Each structure stands twice: as C-alpha cells, then as structure tokens.
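In what follows, a single structure is set out as structure tokens and then discussed.
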Amino acid sequence: MKKKAADIVIENAAQILTCEKDAADHIGLIKNGSVAIGEGKITAVGSRSEIAPLIDAATRVIDASGKVVTPGFVDCHTHVVFGGTRVEEYCARLETDDLDELKRRGVPMGIMVTLSATRDLPMEELYEQSAERVRRMILSGTTTIESKSGYSLNTEGEMRQLKINRILAEKLPVDISSTFLGAHGWAPDMTKEAYMDMLIKEMIPEVGRSGLAEACDIWCDSGHYEKEECRKILEAGREHGMEPKIHAGAYSYVGGEDLAAEMKMYSADHLNYTPISALEKLAESGVTGVVLPGIDFAVNHPLFFNPRPMFEAGLELGMATNCCPGCWCTSMPFIISLACRQHGMPPARALRAATYGGACALKREDRIGSIEAGKQADILILDIPTYEDIAYRLGENPVDTVIRHGKISVQNGAVIQEI
C-alpha cells in the first residue's frame, strides 16, 4: 500500500541531528538527509531517495542544501513571565559585588524588586512584556518553553502568572509547560512557616483545581527551603496533580538532589554544588539534570557547574536559558555557545541537552526533542554548514526556518503564526 504523500519535505540537508535516545554519538548525525512531515508529525527520516516516494504535486519541498536540521529547542527552565527589569542592579554588580557598597548607593536588588514590579503591572501589560521575550525565543528556534510563576508570592499574583502562561500558548506558536513556583521564596510580610502553611493549605490546592500548572517547583538551598521543607511542599503539589521539580545545588548542597531521586522528580536544576554521589542517585532514578550556563555567566557564579562528573554518572542533561530578571537571555544558541566555551561541554552533548534532554526534563521525550517518525514535527533549519558552528559563531542566530506542529512558524526572521 502506497504511503500518504508528505505535506512538507526537507531535503538535501548537509546534516540532520536526530538526537534520538540511544544515539551513539549523542546526536544521531545523518549526512545529506531528508525529513518528511505529514499531519503535524514526522513521517520519515532518511536519504533523499528514501523520502522521494512521499513527494507529490501538493508537497512543499524545502531545499536545505548546505544547512543543518535539528529538533526544535526545548527551553526547559525559565522564569519568562515577569514585570520590569533589574538592569540597574546588573550594571552596578559589574563594578562591585560588595553588598554594603551597593546598599550605600541605593541600588535596588534581588527578587523583591521583581516581585513589586510584577505585582503592580496590569495583566495586559505583564502579558505584553512577557510575550516580547517569548517572541525572541521563538525566533531563536525554541519550540517548547517551560515557564514558572514565582514573582508574586501570593495566591492572586501566582495564578495571574500561570494564566499568562496559558495565554502565551494560545496566542504564540510555542508549547508552554507551566510550573507553579510559589516556593521561590516567601512573602516579605510573612514568616517562612506561615507562608509554607498558606502554600500547602491555600495556594497549592487552588492551583491544582485550576489545572494551570503541570509541575510544582521549589528553591532548595541554604537560607531558602531545606530538604524536608521541600518534601512537604512538593508532596502537597503532587497530591493536587502537579509533578515535582527542584532548584538544587545552586549555591550549596543541602540534599535537594537526593530528594529529587527519592521522589523521582521531573528534574533537578542548577547542580553547581552537587556531589557525585547525588548525581549518581539522580541518574539511577531517571531524574533529568538541568544545567543553566546563562545564570553562571550573568552573575559571575563563584562555582560554574561542571558537566564532566554528570556525564560520568550517566545523567541525562537538559539545558535552558533560565530567562529571568537576573539572566535576561532568550537565545538557546547563545546558551549552547556558553556551555561549550565556559563549561567545556562538547557541541554534540550541548545540542542533545538543548533538545532531547530538555524534553526529558519536561517528561515530553515521547513526543518532542528528537527527529523520529511518529513524533511531533518541531524542526529547525539552521543556516550553518555544521552543527559545531552553533558553538563557534558567538552571538549569531543561525535559525533560517522553524517548523512547529508540522507548520512553518518562523521564516525570514519573522514569526508568522501569531494570533
């Protein structure tokens, strides 16, 4: 029986990176390959002669000669919905990290600056500020974004951020994985204990009823939430339909990574101070580690994450922009460059982390993150001769075309599917 003709065929690609799970080279490199797409799915991957029978008069054929084809980027850790800016703090800290000196100068600093800016914005303006960042992500090849709340620390404001996640997914050509991060800190007018009580008894149940978040996150670190506090909050989240994930090891090791392994979380993110014993537990339990080169760069972190022990432990890595007020980055290609130069990650490993690994961190690897028949057709055509050029060409956007759900969503430097 003859197979149905493809809607789109990408042919003659210099390189196709399939990024499938068991690729020996981590990226499943195919040279001079073609991809067929039909009804929003990838229908075939192979040589031009293998794909040719799927082409008929109605098929749109895209010549990718001299170009690279990859899965769409999966930006699996962001705080993209926020109001205002912390540019004054960022620039002041280029000169000094002496907190007393910064306070003497009256420099506004920290999460509370963003909390005030986010709480005070009308919803329409908060949406527009966030949507502009998301548009830039889309233009840089991101087809799926994880987006956290966490900049209100009250029920109304957190729900508002989560509602904006839903609107972003409705209006822009991008998939959103929505995460409740009410435990980003605690409200400035409350003790931690009182805020935790409100989180567990009021905020988490309401978010759960709303269906606005698929995951519940928490910042586990010295001076923030300790391991057993995290367990209590994340178990409450799971009881209300939100799977756990955790910020762990960013500035200290207090056991959040071990908890992630115990609870078989979606992911454990940051991992700057994570010991090899905890990395091995994460790998054994199937939890994805998420690394964030951008924040290490933006804050001049005292200890950059080291990917080598992570690889040695057998840990699947996702990688993300961590787009937030302290790391205003919307470009996954730039993050790949940082990972390679700043952290010594081989380009193949970095590309895998930005695609398949990111999908694993969102538990979506069965449908996105790789170019395989049957998966969602989220595909990039990059105007570079080799995938290594993503790491090499610093600050450039290599994206020629973005295909999402089998339809062209970015071409000629413009988003063309916005509602």
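FYI, nothing fancy with the structure tokens labels: chains A, B, ... in order, residues from 1 per chain, ligands from 1 as they appear.
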- Message: I need the residues of stretch 128-371 of chain A that end up classed as strand (DSSP E or B) by DSSP on the backbone, written out as a ChimeraX atom specification.
- Response: /A:142-148,175-183,215-220,225,243-244,246-248,267-270,288-291,317-319,324,327
- Skip A:Leu282 itself and residues of its chain fewer than 2 positions away, then list as number ranges by chain all residues within 10 Å of it, counting only C-alpha atoms. A: 257-262, 264-265, 267-268, 276-280, 284-289, 310, 313-316
- Message: I'd like to know which residues of stretch 115-206 of chain A are helix (DSSP H, G or I) (by DSSP, run on the backbone); could you write them as a ChimeraX atom specification?
- Response: /A:115-120,123-139,155-171,192-206
- Excluding same-chain residues fewer than 4 positions from stretch 5-19 of chain A, what lies within 9 Å of it counting only C-alpha atoms, as a ChimeraX atom specification? /A:23,25-40,43,45,47-48,51-56,58-71,351-352,355-356,369-372,381,385-387,406-407
- Query: Near A:Cys91, within 12 Å and counting only C-alpha atoms, which residues show up once chain neighbours fewer than 2 positions away are dropped, as a PyMOL selection string?
  - Reply: chain A and resi 85-89+93-97+102+107-109+298-299+326
- Pick from A:Arg238, A:His405, A:Lys192, A:Lys21: nearest to A:Pro205, with only C-alpha atoms counted?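 Of A:Arg238, A:His405, A:Lys192, A:Lys21, the one nearest A:Pro205, counting only C-alpha atoms, is A:Arg238.
Nearest residue to A:Leu317, choosing from A:Ile204, A:Arg104, A:Cys230, A:Cys76 and counting only C-alpha atoms: A:Cys76.
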- Task: Choose the residue, out of A:Pro346, A:Thr144, A:Leu271, A:Ala250, that has the smallest atom-to-atom separation from A:Gly72; count only C-alpha atoms.
- Result: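 Closest to A:Gly72 of all the choices is A:Thr144.
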- Shell of 8 Å around A:Val254, only C-alpha atoms, local chain residues under 5 positions omitted, as a list of chain:residue names: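 With the cut-off at 8 Å, the set is A:Cys220, A:Asp221, A:Ser222, A:Glu226, A:Lys227, A:Gly249.
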What would the file look like if the residues just selected were written as a tab-separated table (two decimals), in the first residue's frame with C-alpha atoms?
chain	number	residue	atom	x	y	z
A	220	CYS	CA	16.15	24.26	47.82
A	221	ASP	CA	19.27	25.94	49.17
A	222	SER	CA	20.89	27.19	52.35
A	226	GLU	CA	15.65	22.92	53.39
A	227	LYS	CA	15.24	19.33	52.19
A	249	GLY	CA	22.72	22.82	44.37
Using only C-alpha atoms, which residues of stretch 197-312 of chain A come within 10 Å of stretch 334-337 of chain A, and what is the closest atom pair for each, with the distance in Å to one decimal? Give it as JSON lines, sorted by chain and residue number.
{"residue": "A:Leu292", "atom": "CA", "partner": "A:Ile335", "partner_atom": "CA", "distance": 8.0}
{"residue": "A:Pro293", "atom": "CA", "partner": "A:Ile335", "partner_atom": "CA", "distance": 6.2}
{"residue": "A:Gly294", "atom": "CA", "partner": "A:Ile335", "partner_atom": "CA", "distance": 6.1}
{"residue": "A:Ile295", "atom": "CA", "partner": "A:Ile335", "partner_atom": "CA", "distance": 9.8}
{"residue": "A:Phe297", "atom": "CA", "partner": "A:Ile335", "partner_atom": "CA", "distance": 9.7}
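Residue nearest A:Arg136 within the list A:Pro333, A:Gly211, A:Pro244, A:Gly357: A:Pro333 [criterion: smallest interatomic distance, only C-alpha atoms].
Pairwise distance (atom CA of A:Ala213, atom CA of A:Thr179) equals 5.1 Å.
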- Query: Which value, in Å to one decimal, gives the distance between atom CA of A:Ala183 and atom CA of A:Leu338?
  - Reply: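 Atom-to-atom, atom CA of A:Ala183 and atom CA of A:Leu338 are spaced 28.6 Å apart.
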